[in-house]
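Colleague: Pasting in a structure now, in structure tokens, and then I'll have a few things to ask.
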Amino acid sequence: MKYNFPFYIARRYLFSKKSTNAINVISAISMIGVAVATMAMIIVLSVFNGFSDLVGSLFTNFDPQLKVIPTEGKTVAADDPVLAAIRQWPEVLIATDCVEDMALAVYEDKQQMVTVMGVDDNFKKLTHIDNILYGDGQFELHDGDLQYGIAGYRLAQDLGMLAHWGEWLRIYAPQREGQLDMSNPSSGFVVDSLLSPGCVFAVNQSRYDSDHVITSVAFARRLFDLQGRVSSLMLKLKDPSQVTTVKKKITQLAAGRFRALDRYEQQDDTFRIMQIEKFIAYIFLTFILIVACFNIIGSLSMLIIEKKDDVQTLRNMGTTDRQIAQIFMFEGRMIAVIGAVVGLLMGLLLCWVQIEFGIVKLGSSSGSFIVEAYPVSVSFLDVLLVFATVVAVGWLSVWYPVRYLSRRLLV
């Protein structure tokens, strides 16, 4: 009863009509301010989640579920005992060798630095590369002695190539051994050529589309003089939910010689930037919430002035000064909690409307963006974080002001 009494009085004060109507108005404005700030936090964080999921889905078509890379050096022996053991694990459905390095691509009179990515023929089973191929051809890396290259669509545009280019794409890579003869600089390069299988790929991410050429692992090994070597081992698991378990298993087996990267770790820079942006947005919105909570202090100060006579009556009935302060603290905290709940419900409702109907568009030109409407993804952890933040800010914002005002105005 000792703790319920201040809450009971605070509840009566909050919902009863005051003699000065301005107090009701300010209290309502305080709730609305907290609700709007809460709603904004839910919506903004959910939009960031939506963009993160969208980017992740784009990489899913190209990146393997797990990528095993050496911790030292750029390549390792393809028959390394650790890699050989991983290929035989029952959890592994598909394993693909990859040799990847930089080279110079020349097509007719245009040239550009590219990343040559040599993979096994089963790469299309390892990823969803077929879903992002454009043109009248199909995924094919070689046909007898002919070697094919599938370029990113932006690279093809920059070099003036169509999806099915008619001329040879010449690839130049520096010799790994021997000294450069300055009288004949071209002798310092290994030169090989690729034909088009009639298609290009589009991940819709610049880091791939603007400089990657996919070809056979045999071509890449010959070009870079890496016979019997691999840059990485790409894995597809029978059960995608075992990614974390297999990562730990690889870490234990590798003993520090290899690292296993999941899809998010393979694009660590991209997702880290998005997380930083999301955190900064959260901080800014928290400051806006703090400003909104100043309205609560204003409504409480006016309420304390109005209830001076009531407070004196409560004192005569034996109520302590601590309980009186608790009454007004409960009043402010109820405003914050009610505003938080209303804001959460409104934010979740608007997120659902955007997910279902895509009301807010990215642009007026149809087809200009990967998706037409802002992507939204609600995270349960974000909902908990927002609610905890609003309640914490609301409660802390009334603690000192109520104690101060109670001592100064209720003497």
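Ordering of the structure tokens sets the chain letters (A, B, ...); residue numbers start at 1 within each chain; ligands are numbered from 1 in the order shown.
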I'd like the neighbourhood of Ala78 of chain A as a ChimeraX atom specification, where a residue qualifies if any of its atoms comes within 12 Å (using only C-alpha atoms), though same-chain residues fewer than 3 positions away should be ignored.
Modeller: /A:68-70,75,81-87,95-99,217,221,226-233
Colleague: Give me a file of those residues, with N, CA and C atoms, as a PDB file, in the first residue's frame.
Modeller:
ATOM      1  N   VAL A  68      36.302 -19.765 -47.247  1.00  0.00           N
ATOM      2  CA  VAL A  68      37.475 -20.088 -46.440  1.00  0.00           C
ATOM      3  C   VAL A  68      38.697 -19.469 -47.117  1.00  0.00           C
ATOM      4  N   ILE A  69      39.388 -18.575 -46.397  1.00  0.00           N
ATOM      5  CA  ILE A  69      40.556 -17.882 -46.953  1.00  0.00           C
ATOM      6  C   ILE A  69      41.749 -18.078 -46.029  1.00  0.00           C
ATOM      7  N   PRO A  70      42.972 -18.040 -46.577  1.00  0.00           N
ATOM      8  CA  PRO A  70      44.162 -18.160 -45.708  1.00  0.00           C
ATOM      9  C   PRO A  70      44.368 -16.890 -44.890  1.00  0.00           C
ATOM     10  N   THR A  75      47.318 -16.848 -51.453  1.00  0.00           N
ATOM     11  CA  THR A  75      46.920 -18.162 -51.950  1.00  0.00           C
ATOM     12  C   THR A  75      47.470 -19.257 -51.053  1.00  0.00           C
ATOM     13  N   PRO A  81      45.787 -30.129 -46.553  1.00  0.00           N
ATOM     14  CA  PRO A  81      45.014 -31.109 -45.775  1.00  0.00           C
ATOM     15  C   PRO A  81      43.751 -30.533 -45.128  1.00  0.00           C
ATOM     16  N   VAL A  82      43.828 -29.280 -44.678  1.00  0.00           N
ATOM     17  CA  VAL A  82      42.656 -28.661 -44.055  1.00  0.00           C
ATOM     18  C   VAL A  82      41.538 -28.497 -45.073  1.00  0.00           C
ATOM     19  N   LEU A  83      41.863 -27.974 -46.254  1.00  0.00           N
ATOM     20  CA  LEU A  83      40.854 -27.785 -47.298  1.00  0.00           C
ATOM     21  C   LEU A  83      40.321 -29.121 -47.792  1.00  0.00           C
ATOM     22  N   ALA A  84      41.211 -30.098 -47.918  1.00  0.00           N
ATOM     23  CA  ALA A  84      40.778 -31.427 -48.357  1.00  0.00           C
ATOM     24  C   ALA A  84      39.799 -32.035 -47.365  1.00  0.00           C
ATOM     25  N   ALA A  85      40.056 -31.837 -46.075  1.00  0.00           N
ATOM     26  CA  ALA A  85      39.154 -32.372 -45.055  1.00  0.00           C
ATOM     27  C   ALA A  85      37.798 -31.666 -45.096  1.00  0.00           C
ATOM     28  N   ILE A  86      37.812 -30.338 -45.273  1.00  0.00           N
ATOM     29  CA  ILE A  86      36.566 -29.574 -45.311  1.00  0.00           C
ATOM     30  C   ILE A  86      35.692 -30.020 -46.481  1.00  0.00           C
ATOM     31  N   ARG A  87      36.309 -30.292 -47.637  1.00  0.00           N
ATOM     32  CA  ARG A  87      35.540 -30.722 -48.804  1.00  0.00           C
ATOM     33  C   ARG A  87      34.776 -32.018 -48.537  1.00  0.00           C
ATOM     34  N   ALA A  95      31.575 -27.597 -52.857  1.00  0.00           N
ATOM     35  CA  ALA A  95      32.819 -26.866 -52.584  1.00  0.00           C
ATOM     36  C   ALA A  95      33.416 -26.432 -53.919  1.00  0.00           C
ATOM     37  N   THR A  96      33.799 -25.173 -54.012  1.00  0.00           N
ATOM     38  CA  THR A  96      34.317 -24.614 -55.261  1.00  0.00           C
ATOM     39  C   THR A  96      35.650 -23.917 -55.013  1.00  0.00           C
ATOM     40  N   ASP A  97      36.669 -24.291 -55.795  1.00  0.00           N
ATOM     41  CA  ASP A  97      37.949 -23.586 -55.733  1.00  0.00           C
ATOM     42  C   ASP A  97      37.820 -22.238 -56.430  1.00  0.00           C
ATOM     43  N   CYS A  98      38.515 -21.238 -55.891  1.00  0.00           N
ATOM     44  CA  CYS A  98      38.488 -19.902 -56.483  1.00  0.00           C
ATOM     45  C   CYS A  98      39.899 -19.331 -56.513  1.00  0.00           C
ATOM     46  N   VAL A  99      40.290 -18.785 -57.668  1.00  0.00           N
ATOM     47  CA  VAL A  99      41.549 -18.063 -57.821  1.00  0.00           C
ATOM     48  C   VAL A  99      41.187 -16.662 -58.292  1.00  0.00           C
ATOM     49  N   VAL A 217      38.551 -21.589 -63.395  1.00  0.00           N
ATOM     50  CA  VAL A 217      39.690 -21.585 -62.477  1.00  0.00           C
ATOM     51  C   VAL A 217      40.967 -21.973 -63.218  1.00  0.00           C
ATOM     52  N   ARG A 221      44.400 -19.748 -63.132  1.00  0.00           N
ATOM     53  CA  ARG A 221      45.666 -20.314 -62.677  1.00  0.00           C
ATOM     54  C   ARG A 221      46.755 -20.143 -63.735  1.00  0.00           C
ATOM     55  N   LEU A 226      49.492 -19.727 -61.065  1.00  0.00           N
ATOM     56  CA  LEU A 226      49.143 -20.248 -59.740  1.00  0.00           C
ATOM     57  C   LEU A 226      48.647 -21.686 -59.839  1.00  0.00           C
ATOM     58  N   GLN A 227      49.366 -22.492 -60.606  1.00  0.00           N
ATOM     59  CA  GLN A 227      48.967 -23.887 -60.758  1.00  0.00           C
ATOM     60  C   GLN A 227      48.984 -24.595 -59.398  1.00  0.00           C
ATOM     61  N   GLY A 228      47.905 -25.298 -59.125  1.00  0.00           N
ATOM     62  CA  GLY A 228      47.812 -26.028 -57.867  1.00  0.00           C
ATOM     63  C   GLY A 228      47.539 -25.151 -56.660  1.00  0.00           C
ATOM     64  N   ARG A 229      47.142 -23.874 -56.873  1.00  0.00           N
ATOM     65  CA  ARG A 229      46.884 -22.941 -55.771  1.00  0.00           C
ATOM     66  C   ARG A 229      45.434 -22.474 -55.800  1.00  0.00           C
ATOM     67  N   VAL A 230      44.948 -21.984 -54.689  1.00  0.00           N
ATOM     68  CA  VAL A 230      43.614 -21.379 -54.606  1.00  0.00           C
ATOM     69  C   VAL A 230      43.695 -20.123 -53.749  1.00  0.00           C
ATOM     70  N   SER A 231      42.854 -19.145 -54.073  1.00  0.00           N
ATOM     71  CA  SER A 231      42.726 -17.949 -53.228  1.00  0.00           C
ATOM     72  C   SER A 231      41.748 -18.198 -52.098  1.00  0.00           C
ATOM     73  N   SER A 232      40.741 -19.019 -52.382  1.00  0.00           N
ATOM     74  CA  SER A 232      39.723 -19.312 -51.364  1.00  0.00           C
ATOM     75  C   SER A 232      38.984 -20.581 -51.739  1.00  0.00           C
ATOM     76  N   LEU A 233      38.313 -21.141 -50.751  1.00  0.00           N
ATOM     77  CA  LEU A 233      37.439 -22.290 -50.969  1.00  0.00           C
ATOM     78  C   LEU A 233      36.024 -21.849 -50.613  1.00  0.00           C
TER      79      LEU A 233
END
Colleague: Can you tell me, as number ranges by chain, what residues are no more than 9 Å from segment 52-60 of chain A when counting only C-alpha atoms, ignoring any on the same chain fewer than 5 positions away?
Modeller: A: 47, 65, 127-128, 203-205, 263-264, 267, 270-271, 274-275, 371, 375-377
Colleague: Name the residues in contact with Thr115 of chain A at a cut-off of 7 Å, using only C-alpha atoms, excluding same-chain residues fewer than 2 positions from it; report them as a list in words.
Modeller: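 Skipping anything fewer than 2 positions along the chain leaves Glu100, Asp101, Met102, Ala103, Met117, Asp211, His212 and Val213 of chain A.
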Colleague: Show me, as a list in words, the residues that have an atom within 8 Å of Ala40 of chain A when counting only C-alpha atoms, minus same-chain residues fewer than 4 positions from it.
Modeller: Val36, Val44, Leu285 and Gly347 of chain A
Colleague: Run DSSP on the backbone and tell me which residues of segment 88-227 of chain A come out as strand (DSSP E); list them as a count of residues only.
Modeller: 55
Colleague: Measuring atom to atom with only C-alpha atoms, identify which of A:Gln147, A:Ile132, A:Ser216, A:Leu396 is nearest to Asp120 of chain A.
Modeller: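 With only C-alpha atoms as the atom set, the closest residue is A:Ser216.
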Colleague: Nearest to Ile214 of chain A among A:His142, A:Lys278, A:Lys249, A:His164, with distances taken over only C-alpha atoms: which residue is it?
Modeller: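 Smallest distance to Ile214 of chain A is found for A:His142.
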Colleague: Give me the residues near Phe219 of chain A as a PyMOL selection string, where near means some atom within 9 Å (using only C-alpha atoms) and where sequence neighbours in that chain fewer than 3 positions away do not count.
Modeller: chain A and resi 118+147+192+215-216+222-224
Colleague: Could you check how far atom CA of Trp352 of chain A sits from atom CA of Phe387 of chain A, in Å to one decimal?
Modeller: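 Separation between atom CA of Trp352 of chain A and atom CA of Phe387 of chain A: 18.2 Å.
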Colleague: Please compute the atom CA of Lys236 of chain A-atom CA of Gly152 of chain A distance, one decimal, in Å.
Modeller: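 Calculated distance between atom CA of Lys236 of chain A and atom CA of Gly152 of chain A is 22.7 Å.
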Colleague: For Arg154 of chain A, which residue among A:Trp399, A:Phe201, A:Phe380, A:Phe328 is the nearest when counting only C-alpha atoms?
Modeller: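 So, comparing all the options, the nearest one is A:Phe201.
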Colleague: Using only C-alpha atoms, determine which residues lie at most 12 Å from Asp109 of chain A, disregarding the query and same-chain residues fewer than 4 positions distant; provide the list as a VMD selection string.
Modeller: chain A and resid 105 158 to 161 167 to 170
Colleague: Write out, as a PDB file, in the first residue's frame, the residues just selected, with all heavy atoms.
Modeller:
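Heads up, here's the output in out21.pdb:
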ATOM      1  N   ALA A 105      42.317  -5.511 -68.404  1.00  0.00           N
ATOM      2  CA  ALA A 105      41.470  -5.991 -69.489  1.00  0.00           C
ATOM      3  C   ALA A 105      41.487  -4.977 -70.625  1.00  0.00           C
ATOM      4  O   ALA A 105      41.353  -3.767 -70.392  1.00  0.00           O
ATOM      5  CB  ALA A 105      40.040  -6.209 -68.998  1.00  0.00           C
ATOM      6  N   ASP A 158      31.572   0.059 -69.725  1.00  0.00           N
ATOM      7  CA  ASP A 158      32.774   0.903 -69.748  1.00  0.00           C
ATOM      8  C   ASP A 158      33.731   0.503 -70.882  1.00  0.00           C
ATOM      9  O   ASP A 158      34.417   1.359 -71.449  1.00  0.00           O
ATOM     10  CB  ASP A 158      33.511   0.824 -68.413  1.00  0.00           C
ATOM     11  CG  ASP A 158      32.709   1.450 -67.278  1.00  0.00           C
ATOM     12  OD1 ASP A 158      31.798   2.243 -67.570  1.00  0.00           O
ATOM     13  OD2 ASP A 158      32.987   1.128 -66.098  1.00  0.00           O
ATOM     14  N   LEU A 159      33.781  -0.784 -71.183  1.00  0.00           N
ATOM     15  CA  LEU A 159      34.673  -1.258 -72.237  1.00  0.00           C
ATOM     16  C   LEU A 159      33.999  -1.259 -73.604  1.00  0.00           C
ATOM     17  O   LEU A 159      34.628  -1.645 -74.604  1.00  0.00           O
ATOM     18  CB  LEU A 159      35.174  -2.669 -71.909  1.00  0.00           C
ATOM     19  CG  LEU A 159      36.134  -2.784 -70.716  1.00  0.00           C
ATOM     20  CD1 LEU A 159      36.493  -4.237 -70.465  1.00  0.00           C
ATOM     21  CD2 LEU A 159      37.396  -1.954 -70.954  1.00  0.00           C
ATOM     22  N   GLY A 160      32.741  -0.837 -73.657  1.00  0.00           N
ATOM     23  CA  GLY A 160      32.040  -0.781 -74.930  1.00  0.00           C
ATOM     24  C   GLY A 160      31.627  -2.137 -75.457  1.00  0.00           C
ATOM     25  O   GLY A 160      31.507  -2.333 -76.678  1.00  0.00           O
ATOM     26  N   MET A 161      31.392  -3.097 -74.554  1.00  0.00           N
ATOM     27  CA  MET A 161      31.006  -4.443 -74.966  1.00  0.00           C
ATOM     28  C   MET A 161      29.507  -4.634 -74.737  1.00  0.00           C
ATOM     29  O   MET A 161      28.946  -4.119 -73.769  1.00  0.00           O
ATOM     30  CB  MET A 161      31.765  -5.497 -74.154  1.00  0.00           C
ATOM     31  CG  MET A 161      33.279  -5.362 -74.204  1.00  0.00           C
ATOM     32  SD  MET A 161      34.152  -6.696 -73.343  1.00  0.00           S
ATOM     33  CE  MET A 161      33.486  -6.572 -71.680  1.00  0.00           C
ATOM     34  N   GLU A 167      34.522  -9.536 -80.265  1.00  0.00           N
ATOM     35  CA  GLU A 167      35.986  -9.602 -80.318  1.00  0.00           C
ATOM     36  C   GLU A 167      36.532 -10.283 -79.064  1.00  0.00           C
ATOM     37  O   GLU A 167      35.816 -10.527 -78.097  1.00  0.00           O
ATOM     38  CB  GLU A 167      36.558  -8.190 -80.451  1.00  0.00           C
ATOM     39  CG  GLU A 167      36.072  -7.423 -81.664  1.00  0.00           C
ATOM     40  CD  GLU A 167      36.531  -8.054 -82.965  1.00  0.00           C
ATOM     41  OE1 GLU A 167      37.619  -8.692 -82.956  1.00  0.00           O
ATOM     42  OE2 GLU A 167      35.819  -7.927 -83.976  1.00  0.00           O
ATOM     43  N   TRP A 168      37.831 -10.576 -79.094  1.00  0.00           N
ATOM     44  CA  TRP A 168      38.491 -11.157 -77.929  1.00  0.00           C
ATOM     45  C   TRP A 168      38.661 -10.092 -76.841  1.00  0.00           C
ATOM     46  O   TRP A 168      38.989  -8.947 -77.127  1.00  0.00           O
ATOM     47  CB  TRP A 168      39.875 -11.692 -78.306  1.00  0.00           C
ATOM     48  CG  TRP A 168      39.840 -12.888 -79.210  1.00  0.00           C
ATOM     49  CD1 TRP A 168      39.969 -12.888 -80.566  1.00  0.00           C
ATOM     50  CD2 TRP A 168      39.683 -14.247 -78.811  1.00  0.00           C
ATOM     51  NE1 TRP A 168      39.902 -14.167 -81.050  1.00  0.00           N
ATOM     52  CE2 TRP A 168      39.729 -15.030 -79.986  1.00  0.00           C
ATOM     53  CE3 TRP A 168      39.507 -14.894 -77.589  1.00  0.00           C
ATOM     54  CZ2 TRP A 168      39.602 -16.406 -79.985  1.00  0.00           C
ATOM     55  CZ3 TRP A 168      39.391 -16.270 -77.573  1.00  0.00           C
ATOM     56  CH2 TRP A 168      39.430 -17.023 -78.748  1.00  0.00           C
ATOM     57  N   LEU A 169      38.431 -10.504 -75.608  1.00  0.00           N
ATOM     58  CA  LEU A 169      38.762  -9.663 -74.459  1.00  0.00           C
ATOM     59  C   LEU A 169      40.128 -10.117 -73.971  1.00  0.00           C
ATOM     60  O   LEU A 169      40.279 -11.234 -73.447  1.00  0.00           O
ATOM     61  CB  LEU A 169      37.715  -9.817 -73.350  1.00  0.00           C
ATOM     62  CG  LEU A 169      38.004  -9.046 -72.046  1.00  0.00           C
ATOM     63  CD1 LEU A 169      37.974  -7.544 -72.299  1.00  0.00           C
ATOM     64  CD2 LEU A 169      36.999  -9.426 -70.955  1.00  0.00           C
ATOM     65  N   ARG A 170      41.123  -9.265 -74.140  1.00  0.00           N
ATOM     66  CA  ARG A 170      42.488  -9.646 -73.774  1.00  0.00           C
ATOM     67  C   ARG A 170      42.767  -9.263 -72.315  1.00  0.00           C
ATOM     68  O   ARG A 170      42.455  -8.163 -71.883  1.00  0.00           O
ATOM     69  CB  ARG A 170      43.500  -8.981 -74.715  1.00  0.00           C
ATOM     70  CG  ARG A 170      43.293  -9.394 -76.169  1.00  0.00           C
ATOM     71  CD  ARG A 170      44.498  -9.064 -77.039  1.00  0.00           C
ATOM     72  NE  ARG A 170      44.302  -9.571 -78.401  1.00  0.00           N
ATOM     73  CZ  ARG A 170      44.547 -10.822 -78.787  1.00  0.00           C
ATOM     74  NH1 ARG A 170      45.009 -11.687 -77.893  1.00  0.00           N
ATOM     75  NH2 ARG A 170      44.347 -11.202 -80.032  1.00  0.00           N
TER      76      ARG A 170
END
Colleague: Kindly indicate which residue among A:Val341, A:Ile250, A:Val116, A:Val398 lies nearest to Val386 of chain A, using only C-alpha atoms for the distances.
Modeller: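 Of the candidates, the smallest distance to Val386 of chain A is held by A:Val341.
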Colleague: Could you tell me how far atom CA of Leu235 of chain A lies from atom CA of Leu66 of chain A, in Å and to one decimal?
Modeller: 5.1 Å
Colleague: So, counting only C-alpha atoms, which residue among A:Ile94, A:Leu162, A:Gln111, A:Thr244 is closest to Ala260 of chain A?
Modeller: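 With only C-alpha atoms as the atom set, the closest residue is A:Thr244.
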Colleague: Which one of A:Val360, A:Val393, A:Met329, A:Met113 sits closest to Ile288 of chain A if you count only C-alpha atoms?
Modeller: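 Looking at the shortest contact to Ile288 of chain A, the residue is A:Val393.
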Colleague: If DSSP is run on the backbone, what residues of segment 4-159 of chain A are alpha helix (DSSP H)? A reply as number ranges by chain would be ideal.
Modeller: A: 4-15, 21-60, 81-87, 123-126, 153-158
